[in-house]
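With compact mmCIF, C-alpha atoms inside, this is structure.txt:
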```
# COMPACT_ATOMS: atom_id res chain seq x y z
CA MET A 929 8.81 -31.78 6.14
CA ALA A 930 7.22 -30.81 9.44
CA LEU A 931 8.40 -27.51 10.87
CA ASP A 932 8.56 -26.56 14.53
CA SER A 933 5.75 -24.07 15.27
CA ALA A 934 7.83 -22.10 17.81
CA GLN A 935 10.66 -21.72 15.30
CA LEU A 936 8.24 -20.68 12.58
CA SER A 937 6.58 -18.11 14.88
CA ALA A 938 9.96 -16.68 15.86
CA PHE A 939 10.99 -16.33 12.22
CA ALA A 940 7.70 -14.61 11.28
CA ALA A 941 7.98 -12.25 14.25
CA VAL A 942 11.49 -11.18 13.21
CA ILE A 943 10.20 -10.29 9.74
CA ASP A 944 7.06 -8.60 11.09
CA GLU A 945 8.91 -6.52 13.66
CA GLY A 946 12.11 -5.92 11.68
CA SER A 947 14.52 -7.04 14.40
CA PHE A 948 15.30 -9.89 16.79
CA GLU A 949 14.92 -7.57 19.78
CA ARG A 950 11.38 -6.46 18.92
CA ALA A 951 10.41 -10.01 18.00
CA ALA A 952 11.57 -11.15 21.45
CA ALA A 953 9.45 -8.48 23.11
CA VAL A 954 6.35 -9.50 21.14
CA LEU A 955 6.87 -13.20 21.90
CA HIS A 956 7.79 -12.52 25.57
CA VAL A 957 11.04 -14.45 25.31
CA THR A 958 14.71 -13.45 25.25
CA ARG A 959 16.52 -12.26 22.14
CA SER A 960 18.78 -15.28 22.48
CA ALA A 961 15.77 -17.59 22.35
CA VAL A 962 14.50 -15.96 19.16
CA SER A 963 17.94 -16.13 17.56
CA GLN A 964 18.30 -19.79 18.49
CA ARG A 965 14.89 -20.70 17.09
CA VAL A 966 15.55 -18.94 13.79
CA LYS A 967 18.99 -20.56 13.54
CA LEU A 968 17.50 -24.01 14.13
CA LEU A 969 14.82 -23.34 11.49
CA GLU A 970 17.48 -22.29 8.97
CA GLU A 971 19.43 -25.45 9.73
CA ARG A 972 16.24 -27.47 9.30
CA VAL A 973 15.51 -26.11 5.83
CA GLY A 974 19.19 -25.81 4.87
CA GLN A 975 19.00 -22.16 3.79
CA VAL A 976 19.46 -18.68 5.22
CA LEU A 977 16.00 -17.21 5.77
CA VAL A 978 16.71 -13.79 7.31
CA ARG A 979 18.94 -10.97 6.12
CA ARG A 980 20.43 -9.67 9.37
CA ALA A 981 20.15 -5.95 8.58
CA THR A 982 18.13 -2.97 9.77
CA PRO A 983 15.35 -3.84 9.32
CA CYS A 984 15.59 -7.62 9.04
CA THR A 985 14.11 -8.86 5.77
CA PRO A 986 13.46 -12.32 4.32
CA THR A 987 15.80 -13.84 1.77
CA ASP A 988 14.28 -15.29 -1.41
CA ALA A 989 13.89 -18.61 0.39
CA GLY A 990 12.55 -16.83 3.45
CA GLN A 991 9.79 -15.07 1.47
CA ALA A 992 8.03 -18.35 0.67
CA LEU A 993 8.39 -19.59 4.23
CA TYR A 994 7.20 -16.28 5.66
CA ARG A 995 4.01 -16.49 3.63
CA HIS A 996 3.54 -20.06 4.86
CA ALA A 997 4.00 -18.89 8.46
CA ARG A 998 1.42 -16.13 8.05
CA GLU A 999 -1.06 -18.52 6.42
CA VAL A 1000 -0.63 -21.04 9.24
CA ALA A 1001 -1.07 -18.39 11.94
CA LEU A 1002 -4.16 -16.92 10.27
CA SER A 1003 -5.78 -20.32 9.67
CA GLU A 1004 -5.08 -21.44 13.24
CA ALA A 1005 -6.60 -18.28 14.70
CA ASP A 1006 -9.65 -18.67 12.48
CA ALA A 1007 -10.09 -22.31 13.50
CA LEU A 1008 -9.81 -21.48 17.21
CA ASP A 1009 -12.42 -18.77 16.83
CA ALA A 1010 -14.75 -21.15 14.99
CA ILE A 1011 -14.70 -23.68 17.85
CA GLY A 1012 -15.03 -21.03 20.51
CA GLY A 1013 -11.49 -21.24 21.79
CA GLY A 1014 -10.19 -18.03 20.32
CA GLN A 1015 -11.54 -15.44 22.72
CA HIS A 1016 -8.02 -14.15 23.30
CA THR A 1017 -6.68 -14.95 19.82
CA SER A 1018 -5.53 -11.94 17.82
CA ILE A 1019 -5.77 -11.96 14.03
CA ARG A 1020 -3.52 -9.50 12.27
CA LEU A 1021 -4.09 -8.66 8.61
CA ALA A 1022 -1.05 -7.33 6.76
CA ILE A 1023 -2.27 -5.18 3.87
CA GLY A 1024 -0.58 -3.09 1.18
CA VAL A 1025 -2.33 0.21 0.36
CA ASN A 1026 -1.40 3.20 -1.76
CA ALA A 1027 -1.19 6.47 0.19
CA ASP A 1028 -4.08 8.17 -1.63
CA SER A 1029 -6.49 5.30 -0.87
CA LEU A 1030 -5.29 5.28 2.73
CA GLY A 1031 -5.91 9.03 2.90
CA THR A 1032 -9.45 8.78 1.54
CA TRP A 1033 -11.67 5.68 1.42
CA PHE A 1034 -9.64 2.83 2.89
CA PRO A 1035 -9.93 3.66 6.64
CA ALA A 1036 -13.71 3.21 6.33
CA ALA A 1037 -13.09 -0.34 5.09
CA MET A 1038 -10.82 -1.01 8.06
CA ALA A 1039 -13.43 0.31 10.48
CA HIS A 1040 -16.21 -1.81 8.96
CA ALA A 1041 -14.12 -4.98 9.05
CA HIS A 1042 -13.02 -4.30 12.62
CA ALA A 1043 -16.60 -3.72 13.75
CA ALA A 1044 -17.70 -6.98 12.13
CA GLU A 1045 -14.80 -9.10 13.37
CA GLY A 1046 -14.31 -7.63 16.83
CA PRO A 1047 -11.37 -6.29 18.86
CA GLY A 1048 -9.21 -9.32 18.09
CA LEU A 1049 -8.65 -8.04 14.55
CA THR A 1050 -5.65 -5.75 14.06
CA PHE A 1051 -4.05 -4.30 10.94
CA ASP A 1052 -0.47 -4.05 9.73
CA ILE A 1053 -0.65 -1.48 6.91
CA HIS A 1054 2.19 -1.20 4.40
CA VAL A 1055 2.05 2.01 2.34
CA GLU A 1056 3.15 1.39 -1.23
CA ASP A 1057 2.49 2.95 -4.63
CA GLN A 1058 -0.42 1.27 -6.42
CA ASP A 1059 1.87 0.36 -9.33
CA HIS A 1060 4.18 -1.55 -6.98
CA SER A 1061 1.99 -2.89 -4.16
CA ALA A 1062 1.59 -6.27 -5.88
CA ASN A 1063 5.29 -6.84 -5.17
CA LEU A 1064 4.43 -6.97 -1.45
CA LEU A 1065 2.15 -9.92 -2.22
CA ARG A 1066 4.88 -11.66 -4.22
CA GLU A 1067 7.30 -11.22 -1.33
CA GLY A 1068 4.77 -12.56 1.15
CA ARG A 1069 4.90 -9.35 3.19
CA VAL A 1070 1.14 -8.77 2.94
CA MET A 1071 -1.86 -11.04 2.46
CA ALA A 1072 -3.93 -8.47 0.55
CA ALA A 1073 -3.27 -5.27 -1.35
CA VAL A 1074 -4.90 -2.39 -3.19
CA THR A 1075 -3.07 -2.39 -6.50
CA ALA A 1076 -3.23 -1.10 -10.06
CA ASP A 1077 -2.14 -4.54 -11.31
CA PRO A 1078 -5.06 -6.62 -12.64
CA GLN A 1079 -2.89 -9.72 -13.14
CA PRO A 1080 -3.24 -12.03 -10.13
CA VAL A 1081 -0.13 -12.78 -8.13
CA GLN A 1082 0.35 -16.53 -7.70
CA GLY A 1083 -2.00 -17.82 -5.02
CA CYS A 1084 -4.16 -14.69 -5.06
CA GLN A 1085 -7.62 -13.66 -6.23
CA VAL A 1086 -8.34 -10.31 -7.88
CA LEU A 1087 -11.44 -8.13 -7.63
CA PRO A 1088 -11.93 -4.81 -9.48
CA LEU A 1089 -12.65 -1.94 -7.09
CA GLY A 1090 -13.23 1.03 -9.38
CA THR A 1091 -11.24 3.99 -10.64
CA LEU A 1092 -9.47 6.68 -8.64
CA ARG A 1093 -9.49 9.87 -10.72
CA TYR A 1094 -6.53 12.26 -10.50
CA ARG A 1095 -6.34 15.84 -11.75
CA ALA A 1096 -3.32 18.06 -12.38
CA LEU A 1097 -3.94 20.90 -9.94
CA ALA A 1098 -2.34 24.14 -8.79
CA SER A 1099 -3.32 27.27 -6.88
CA PRO A 1100 -4.67 30.22 -8.90
CA ALA A 1101 -1.56 32.27 -7.96
CA PHE A 1102 0.72 29.47 -9.16
CA MET A 1103 -1.20 29.30 -12.44
CA GLN A 1104 -0.79 33.02 -12.98
CA ARG A 1105 2.90 32.90 -12.12
CA HIS A 1106 3.88 29.88 -14.23
CA PHE A 1107 1.14 29.25 -16.80
CA ALA A 1108 -0.03 32.71 -17.81
CA GLN A 1109 0.99 31.90 -21.40
CA GLY A 1110 -0.62 28.46 -21.34
CA VAL A 1111 0.17 24.93 -20.21
CA ASN A 1112 2.65 23.61 -22.74
CA ALA A 1113 6.10 22.10 -22.99
CA ALA A 1114 7.82 25.45 -22.49
CA SER A 1115 5.94 26.26 -19.28
CA LEU A 1116 5.84 22.72 -17.85
CA VAL A 1117 9.61 22.32 -18.06
CA GLN A 1118 10.03 25.41 -15.89
CA ALA A 1119 7.19 25.10 -13.37
CA PRO A 1120 7.99 23.34 -10.06
CA MET A 1121 6.28 19.95 -9.80
CA LEU A 1122 5.21 18.05 -6.68
CA VAL A 1123 5.94 14.31 -6.68
CA PHE A 1124 5.05 11.88 -3.89
CA ASN A 1125 8.15 9.66 -4.23
CA ARG A 1126 10.44 8.07 -6.80
CA LYS A 1127 7.77 5.53 -7.72
CA ASP A 1128 5.11 8.15 -8.42
CA ALA A 1129 4.67 8.27 -12.20
CA LEU A 1130 1.38 10.18 -12.40
CA GLN A 1131 2.87 13.63 -13.03
CA GLY A 1132 5.08 12.24 -15.78
CA ARG A 1133 2.09 10.49 -17.33
CA PHE A 1134 0.17 13.78 -17.43
CA VAL A 1135 3.08 15.68 -18.94
CA ARG A 1136 3.52 13.10 -21.71
CA ARG A 1137 -0.20 13.20 -22.44
CA ILE A 1138 -0.13 16.99 -22.86
CA THR A 1139 3.22 17.46 -24.59
CA ARG A 1140 4.07 14.02 -26.06
CA ARG A 1141 7.46 14.54 -24.40
CA ALA A 1142 9.25 13.57 -21.21
CA PHE A 1143 11.45 16.06 -19.39
CA THR A 1144 12.64 16.90 -15.89
CA PRO A 1145 11.25 20.11 -14.38
CA PRO A 1146 12.15 21.25 -10.84
CA VAL A 1147 10.72 18.69 -8.41
CA HIS A 1148 9.62 18.85 -4.76
CA TRP A 1149 9.53 15.34 -3.24
CA LEU A 1150 6.72 15.20 -0.69
CA PRO A 1151 5.79 11.69 0.57
CA ASP A 1152 2.63 12.54 2.52
CA ALA A 1153 -0.76 12.60 0.85
CA HIS A 1154 -2.35 15.38 2.90
CA ALA A 1155 0.83 17.50 2.99
CA PHE A 1156 0.95 17.06 -0.80
CA VAL A 1157 -2.46 18.72 -1.12
CA ALA A 1158 -1.54 21.44 1.39
CA ALA A 1159 1.65 22.23 -0.53
CA THR A 1160 -0.31 22.44 -3.78
CA ARG A 1161 -2.82 24.75 -2.15
CA ALA A 1162 0.04 26.92 -0.81
CA GLY A 1163 1.50 27.36 -4.31
CA LEU A 1164 4.67 25.32 -3.87
CA GLY A 1165 4.10 23.43 -7.09
CA TRP A 1166 1.57 21.61 -9.23
CA GLY A 1167 0.73 17.94 -8.78
CA MET A 1168 -1.67 15.09 -9.48
CA THR A 1169 -4.27 14.80 -6.73
CA PRO A 1170 -7.20 12.36 -6.35
CA ASP A 1171 -10.68 13.86 -6.56
CA PRO A 1172 -11.88 12.68 -3.10
CA MET A 1173 -9.15 14.75 -1.43
CA VAL A 1174 -9.87 18.04 -3.18
CA GLU A 1175 -13.63 18.26 -3.74
CA ARG A 1176 -13.95 21.35 -1.52
CA ASP A 1177 -10.83 22.99 -2.99
CA LEU A 1178 -12.22 22.61 -6.50
CA LYS A 1179 -15.61 24.03 -5.47
CA THR A 1180 -14.11 27.05 -3.70
CA GLY A 1181 -11.47 27.69 -6.37
CA ALA A 1182 -8.57 27.16 -3.96
CA LEU A 1183 -7.22 24.74 -6.55
CA VAL A 1184 -7.76 24.72 -10.31
CA GLU A 1185 -6.94 22.29 -13.09
CA LEU A 1186 -3.92 22.94 -15.27
CA VAL A 1187 -5.88 21.65 -18.24
CA PRO A 1188 -9.62 21.30 -17.51
CA GLY A 1189 -11.16 18.00 -18.48
CA ARG A 1190 -7.88 16.05 -18.76
CA PRO A 1191 -7.84 13.78 -15.71
CA VAL A 1192 -5.72 10.66 -15.31
CA ASP A 1193 -7.79 7.65 -14.24
CA VAL A 1194 -6.16 4.83 -12.25
CA PRO A 1195 -8.14 1.57 -12.02
CA LEU A 1196 -7.66 -0.14 -8.67
CA TYR A 1197 -7.94 -3.81 -7.76
CA TRP A 1198 -8.05 -5.83 -4.55
CA GLN A 1199 -5.71 -8.80 -4.54
CA TYR A 1200 -5.82 -11.21 -1.61
CA TRP A 1201 -4.61 -14.66 -0.64
CA ARG A 1202 -6.84 -17.61 -1.47
CA LEU A 1203 -7.48 -18.55 2.14
CA ASN A 1204 -10.79 -19.64 3.59
CA VAL A 1205 -10.44 -17.31 6.58
CA ARG A 1206 -13.39 -15.32 7.89
CA ALA A 1207 -11.41 -12.17 8.79
CA LEU A 1208 -9.97 -11.92 5.29
CA HIS A 1209 -13.41 -12.44 3.73
CA ARG A 1210 -14.90 -9.73 5.93
CA MET A 1211 -12.08 -7.36 5.02
CA THR A 1212 -12.68 -8.08 1.35
CA GLU A 1213 -16.40 -7.31 1.71
CA ALA A 1214 -15.60 -4.09 3.60
CA VAL A 1215 -13.09 -3.01 0.95
CA GLN A 1216 -15.61 -3.57 -1.84
CA GLN A 1217 -18.28 -1.60 0.03
CA ALA A 1218 -16.02 1.35 0.86
CA ALA A 1219 -14.57 1.47 -2.65
CA ALA A 1220 -18.05 1.48 -4.21
CA GLN A 1221 -18.94 4.59 -2.20
CA THR A 1222 -15.88 6.57 -3.34
CA LEU A 1223 -14.34 5.24 -6.54
CA LEU A 1224 -15.73 5.68 -10.02
CA THR A 1225 -17.28 2.62 -11.64
```

Mind turning the file's structure into structure tokens?
Amino acid sequence: MALDSAQLSAFAAVIDEGSFERAAAVLHVTRSAVSQRVKLLEERVGQVLVRRATPCTPTDAGQALYRHAREVALSEADALDAIGGGQHTSIRLAIGVNADSLGTWFPAAMAHAHAAEGPGLTFDIHVEDQDHSANLLREGRVMAAVTADPQPVQGCQVLPLGTLRYRALASPAFMQRHFAQGVNAASLVQAPMLVFNRKDALQGRFVRRITRRAFTPPVHWLPDAHAFVAATRAGLGWGMTPDPMVERDLKTGALVELVPGRPVDVPLYWQYWRLNVRALHRMTEAVQQAAAQTLLT
């Protein structure tokens, strides 16, 4: 079943931009034109493809078609570049990355790939917990992701990147205030804990490792990687922080481990679509290089 390229582009733009209005602005057409194209595409395939909400998201049927649209657009841009007709063709890579990688080693990979590919390469970064970023691949929202899941998503390849080491850290004043009698179940249940978001399970993993129990201490939700470290340094709570973010703090003593020598290691993987596209290959090479310089092997 052949699909109209203008309709497919309009549908993909609505999902990318999250609304019909922004899609119209990107495509330089009216909102009515975008709406009509998406409606005709839905009639063509016989299914609703877009959930008209804020933001617009693909239905289950729309997820598969969205991935197809992204693959077509990426392959077309790559082919135009190969024959010398893509001087003005933009290639956008949608990538899922956990916040701690984005706050440490991943921007170097982006910079290396951009330098190799040229100004036509742009990025659409989706921040997602490493334990959940593979879902973005399944939904077709991204074409590559840094993930803790070693099992390949259908249609994807997987490469091991290395291990991001986390430590349970707090300020010396916080340690004196809450753990003067030791780090144990009695003190951990009372001490305020910093957690990135509802998907962040690292603190709970550490607590279970130390106490063999699960409980709910006071929690500060703080969904920003650098603010998370700053809040830990300021004594707001204790939290799990990746080594690359706190090397200086550990050397100066601004932060100390709750239990020395008990880190939590998180293996990371790079999953990406099986597409023979130069920009995606260059990004993969850049990711491997940047990861090798920061992550543990």

Just the residues within 7 Å of range 1066-1079 of chain A, please, counting all atoms listed in the file, with nothing from its chain fewer than 3 positions along; format it as a PyMOL selection string.
chain A and resi 991-992+994-995+1021-1026+1058-1059+1061-1063+1086+1194-1201

So which residues touch Ala1119 in chain A within 10 Å, counting all atoms listed in the file, skipping near sequence neighbours fewer than 3 positions away, as a ChimeraX atom specification?
/A:1102-1103,1105-1107,1111,1114-1116,1122,1145-1147,1164-1166

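Take the candidates A:Val1135, A:Leu1130, A:Ala1096, A:Val1205 and check each one against Glu1185 in chain A using only C-alpha atoms; the shortest distance goes to A:Ala1096.
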
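Note that the spacing between CA of Arg998 in chain A and CA of Leu1208 in chain A amounts to 12.5 Å.
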
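Every protein, DNA or RNA residue with an atom at most 10 Å from Val1123 in chain A, where only C-alpha atoms count and chain neighbours fewer than 5 positions away do not, is listed here: Asp1128, Ala1129, Leu1130, Gln1131, Gly1132, Val1147, His1148, Trp1149, Leu1150, Pro1151, Asp1152, Phe1156, Gly1165, Trp1166, Gly1167 and Met1168 of chain A.
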
Mind giving me the straight-line distance from CA of Val954 in chain A to CA of Asp1057 in chain A in Å, one decimal?
28.9 Å

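From CA of His1154 in chain A back to CA of Val1187 in chain A, the distance works out to 22.3 Å.
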
Non-local contacts of Leu993 in chain A (12 Å; only C-alpha atoms; under 2 positions in same chain excluded) as a PyMOL selection string:
chain A and resi 931+935-937+939-940+943+966+969-970+973+975-978+986-991+995-1000+1067-1069

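Of the residues under consideration (A:Leu1087, A:Val1184, A:Leu1049, A:Val1192), A:Val1184 shows the shortest atom-to-atom contact distance to Pro1100 in chain A when counting only C-alpha atoms.
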
For Cys1084 in chain A, which residue among A:Met1121, A:Leu1065, A:Ala1159, A:Leu955 is the nearest when counting only C-alpha atoms?
A:Leu1065

All file atoms of range 1066-1081 of chain A boxed axis-aligned, 4 Å per side, centre plus edges, as AutoDock Vina command-line options:
```
--center_x 1.1 --center_y -6.9 --center_z -5.0 --size_x 20.4 --size_y 19.7 --size_z 24.3
```

Which residues, written as a PDB file with C-alpha atoms, in the frame of the given file, have at least one atom at most 9 Å from Leu1223 in chain A, with only C-alpha atoms counted and residues fewer than 5 positions away on the same chain left out?
```pdb
ATOM      1  CA  TRP A1033     -11.670   5.680   1.420  1.00  0.00           C
ATOM      2  CA  LEU A1089     -12.650  -1.940  -7.090  1.00  0.00           C
ATOM      3  CA  GLY A1090     -13.230   1.030  -9.380  1.00  0.00           C
ATOM      4  CA  THR A1091     -11.240   3.990 -10.640  1.00  0.00           C
ATOM      5  CA  LEU A1092      -9.470   6.680  -8.640  1.00  0.00           C
ATOM      6  CA  ARG A1093      -9.490   9.870 -10.720  1.00  0.00           C
ATOM      7  CA  PRO A1172     -11.880  12.680  -3.100  1.00  0.00           C
ATOM      8  CA  LEU A1196      -7.660  -0.140  -8.670  1.00  0.00           C
ATOM      9  CA  ALA A1218     -16.020   1.350   0.860  1.00  0.00           C
TER      10      ALA A1218
END
```

Please identify all polymer residues lying at most 6 Å from the point (-8.6, 14.9, -11.5) (file coordinates), using all atoms listed in the file, and present the result as a ChimeraX atom specification.
/A:1093-1095,1170-1171,1191

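Between Gly1163 in chain A and the candidates A:Ala1108, A:Ser1099, A:Asp1193, A:Val1215, the tightest atom-to-atom separation, counting all atoms listed in the file, involves A:Ser1099.
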
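Minimum atom-to-atom distance to Arg1020 in chain A, evaluated using only C-alpha atoms, belongs to A:Pro1047 out of A:Pro1035, A:Pro1047, A:Pro983, A:Pro1088.
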
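With all atoms listed in the file as the basis for measurement, A:Val1117 is the residue among A:Ile1019, A:Ala1182, A:Val1117, A:Val942 that approaches Phe1143 in chain A most closely.
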